[in-house]
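To start, the structure itself, in structure tokens.
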Amino acid sequence: MAVTFTPLHPVIAAECSGVDIGRNLTADEAASIDAGMDRYAVLVFRRDVPLTGEQQIAFTKNFGELEPPYTQIQSTDGKRLANPALADISNLGPGDRLLERDDRKRLFGLGNQLWHSDSSYKIIPARYSLLCAHVIPPEGGNTEFADMRAAYDMLDAKTKAVIEDLVCEHSRIFSKGTLGFAFTEEEVRAFAPVRQRLVRTHRRTGRKSLYLSSHAGRIVGWPVPEANLLLRELTEHATQREFVYSHKWRAGDLVMWDNRTAMHRARRYEDEKYPRDLRRTTLTDGVPTVEQAGDGQGMAVGF
């Protein structure tokens, strides 16, 4: 059976069928899915039963190298998931208990409701993220995806010229900090800002896209208020409804997206009443978007 794609939105996202992602893929199947990612940026795989952690990791590895472990904010009771390759995107603590309202893991996780790109706060950011739904609340908790390619295409020529060579600083301090999250001194050091290009070019398709995220809080060489204003204006432009697909989760769904060409955010739900259990695997992109230079200008690197 051939791998097929059914578009879910005029510019972004498609449902992928004709492949069992719970088994080992053939080289042709993996290549077809990779090509679908180049075209749609977000792929939805519908399943009646969620992938096991081992199955999700094995499927993810068809497309690159997993991100190495990094500093995460945990519940005071510790980690819920033992495998470091699985990020716990939930409102649950050990024993699958609902987190208390003031639990640091819950408060930190609220930042997922801001538009962002996974791991843009790392020198080498993320390529693909894959999120598998195990438990879904009865309402709310959708995930929205914004097409940064289409958003770039619709900018006027003058704006494109202004932003072409700009380099931003990204940090979780900028994103979660806007919500008033309090960081420890150790976390401030661990989350030191890194530099990312504002405009990226896909090396396979040649298509340009904006590289935005709530983690972006500075533009190198710009006064902070002016930089934040431009980043806010670009984000408002890029998240207009014509560029956004909203995914309504079902238990068993796996959604795969390209962080280089799409931003995303979670939507509100009654997290004090209902569990929402999703588990993410993430691939590193392998190269920085800029080569760090002493003068701060940097040199572009393709992907």
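In the structure tokens, chains take letters A, B, ... by order of appearance, with residues numbered from 1 within each chain and ligands from 1 in the order shown.
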
message: DSSP on the backbone, alpha helix (DSSP H) only: what residues of range 9-86 of chain A does that give? Format it as a list in words.
response: Ala27, Asp28, Glu29, Ala30, Ala31, Ser32, Ile33, Asp34, Ala35, Gly36, Met37, Asp38, Arg39, Tyr40, Gly53, Glu54, Gln55, Gln56, Ile57, Ala58, Phe59 and Thr60 of chain A

task: Please identify all polymer residues within 6 Å of Val3 in chain A, counting only C-alpha atoms, omitting same-chain residues fewer than 6 positions from it, and present them as a ChimeraX atom specification.
output: /A:17-19

- request: Apply DSSP to the backbone of this structure and, from range 143-268 of chain A, keep only the residues in strand (DSSP E or B); write these as a ChimeraX atom specification.
  value: /A:143-147,167-170,194-197,199-201,208-210,216-219,244-247,254-258,262-266

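Put simply, CA of Tyr274 in chain A is 5.5 Å away from CA of Pro137 in chain A.
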
query: Which neighbours of Thr71 in chain A fall inside 10 Å, counting only C-alpha atoms, when residues of the same chain fewer than 4 positions from it are skipped, and could you give them as a count of residues only?
result: 3

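Nearest-residue note for Ser214 in chain A: choosing from A:His134, A:Ile124, A:Glu272, A:Trp115, the minimum distance belongs to A:Trp115, counting only C-alpha atoms.
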
field: Shell of 10 Å around range 83-85 of chain A, only C-alpha atoms, local chain residues under 5 positions omitted, as a PyMOL selection string
entry: chain A and resi 53-54+56-57+66-70+279-283

Selection above as a file: C-alpha atoms, as a short mmCIF file (atom, residue, chain, number, x, y, z; two decimals), in the first residue's frame:
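Output saved as result34.cif:
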```cif
data_model
loop_
_atom_site.label_atom_id
_atom_site.label_comp_id
_atom_site.auth_asym_id
_atom_site.auth_seq_id
_atom_site.Cartn_x
_atom_site.Cartn_y
_atom_site.Cartn_z
CA GLY A 53 7.64 4.48 23.96
CA GLU A 54 9.91 2.01 22.18
CA GLN A 56 7.79 5.96 19.01
CA ILE A 57 11.56 6.15 19.46
CA LEU A 66 17.57 12.13 18.67
CA GLU A 67 18.35 15.25 20.67
CA PRO A 68 20.73 14.68 23.58
CA PRO A 69 19.32 15.08 27.13
CA TYR A 70 18.99 18.64 28.42
CA ARG A 279 4.85 12.14 24.88
CA ARG A 280 7.35 13.78 22.57
CA THR A 281 10.44 12.62 20.77
CA THR A 282 12.63 15.21 19.09
CA LEU A 283 15.34 15.11 16.44
#
```

- line: In Å and to one decimal, CA of Ser209 in chain A is distant from CA of Gln240 in chain A by 15.3 Å

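If you look at CA of Tyr128 in chain A and CA of Gly64 in chain A, they are 8.6 Å away from each other.
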
field: Residue contacts of Leu198 in chain A (6 Å, only C-alpha atoms) excluding same-chain residues fewer than 3 positions away, as an NGL selection string
entry: :A and (166-167 or 210-211)

Could you save the residues just selected, with N, CA and C atoms, as a PDB file, in the first residue's frame?
```pdb
ATOM      1  N   LEU A 166      19.072  39.294   9.838  1.00  0.00           N
ATOM      2  CA  LEU A 166      19.007  39.512  11.279  1.00  0.00           C
ATOM      3  C   LEU A 166      19.239  38.205  12.049  1.00  0.00           C
ATOM      4  N   VAL A 167      19.877  38.343  13.205  1.00  0.00           N
ATOM      5  CA  VAL A 167      20.145  37.217  14.103  1.00  0.00           C
ATOM      6  C   VAL A 167      19.495  37.533  15.449  1.00  0.00           C
ATOM      7  N   LEU A 210      10.261  32.170   8.049  1.00  0.00           N
ATOM      8  CA  LEU A 210      10.575  32.884   9.277  1.00  0.00           C
ATOM      9  C   LEU A 210      10.959  31.868  10.351  1.00  0.00           C
ATOM     10  N   TYR A 211      11.877  32.239  11.215  1.00  0.00           N
ATOM     11  CA  TYR A 211      12.218  31.382  12.349  1.00  0.00           C
ATOM     12  C   TYR A 211      11.901  32.161  13.608  1.00  0.00           C
TER      13      TYR A 211
END
```

- request: Identify, on the basis of only C-alpha atoms, every residue whose closest approach to Phe174 in chain A does not exceed 9 Å; exclude the query and any residue fewer than 3 positions from it along the same chain; express the result as a ChimeraX atom specification.
  value: /A:170-171,177-178,193,214-218

Store the residues of this selection in a file with N, CA and C atoms, as a compact mmCIF listing (two decimals), in the first residue's frame.
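Now in part.txt:
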```txt
# COMPACT_ATOMS: atom_id res chain seq x y z
N HIS A 170 17.73 33.57 21.56
CA HIS A 170 16.62 32.76 22.07
C HIS A 170 16.99 32.18 23.43
N SER A 171 16.01 32.14 24.33
CA SER A 171 16.20 31.53 25.64
C SER A 171 14.83 31.22 26.25
N GLY A 177 9.71 33.55 31.11
CA GLY A 177 9.83 34.74 31.94
C GLY A 177 8.70 35.73 31.71
N THR A 178 8.17 35.80 30.50
CA THR A 178 7.05 36.72 30.24
C THR A 178 5.81 36.33 31.04
N PRO A 193 21.12 32.66 26.66
CA PRO A 193 20.65 32.85 25.30
C PRO A 193 21.60 32.30 24.24
N SER A 214 8.44 32.21 20.84
CA SER A 214 8.37 33.01 22.07
C SER A 214 9.71 33.02 22.79
N HIS A 215 10.59 32.06 22.47
CA HIS A 215 11.94 32.03 23.06
C HIS A 215 12.82 33.17 22.54
N ALA A 216 12.45 33.78 21.42
CA ALA A 216 13.23 34.88 20.86
C ALA A 216 12.92 36.16 21.62
N GLY A 217 13.96 36.77 22.22
CA GLY A 217 13.74 37.96 23.02
C GLY A 217 14.66 39.12 22.72
N ARG A 218 15.56 38.93 21.78
CA ARG A 218 16.51 39.98 21.40
C ARG A 218 16.83 39.85 19.92
```

Which polymer residues have any atom within 12 Å of an atom of Gln74 in chain A, counting only C-alpha atoms, with same-chain residues fewer than 6 positions away left out, as an mmCIF file with C-alpha atoms, in the first residue's frame?
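So selection08.cif came out as:
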```cif
data_model
loop_
_atom_site.group_PDB
_atom_site.id
_atom_site.type_symbol
_atom_site.label_atom_id
_atom_site.label_comp_id
_atom_site.auth_asym_id
_atom_site.auth_seq_id
_atom_site.Cartn_x
_atom_site.Cartn_y
_atom_site.Cartn_z
ATOM 1 C CA ARG A 80 7.076 10.452 35.598
ATOM 2 C CA LEU A 81 8.670 8.883 32.488
ATOM 3 C CA ALA A 87 9.625 14.330 26.879
ATOM 4 C CA ASP A 88 6.664 14.329 29.254
ATOM 5 C CA ILE A 89 4.142 16.791 27.777
ATOM 6 C CA SER A 90 1.445 16.364 30.392
ATOM 7 C CA ASN A 91 -0.152 17.768 33.522
ATOM 8 C CA LEU A 92 0.800 14.639 35.436
ATOM 9 C CA GLY A 93 3.377 13.717 38.038
ATOM 10 C CA PRO A 94 4.712 10.338 39.171
ATOM 11 C CA LEU A 99 -0.162 18.224 39.267
ATOM 12 C CA ASP A 103 3.733 22.744 40.893
ATOM 13 C CA ARG A 104 6.784 24.116 39.020
ATOM 14 C CA LYS A 105 6.407 21.552 36.221
ATOM 15 C CA ARG A 106 2.821 22.686 35.635
ATOM 16 C CA LEU A 107 3.714 26.385 35.746
ATOM 17 C CA PHE A 108 6.646 25.883 33.378
ATOM 18 C CA GLY A 109 4.436 23.845 31.039
#
```
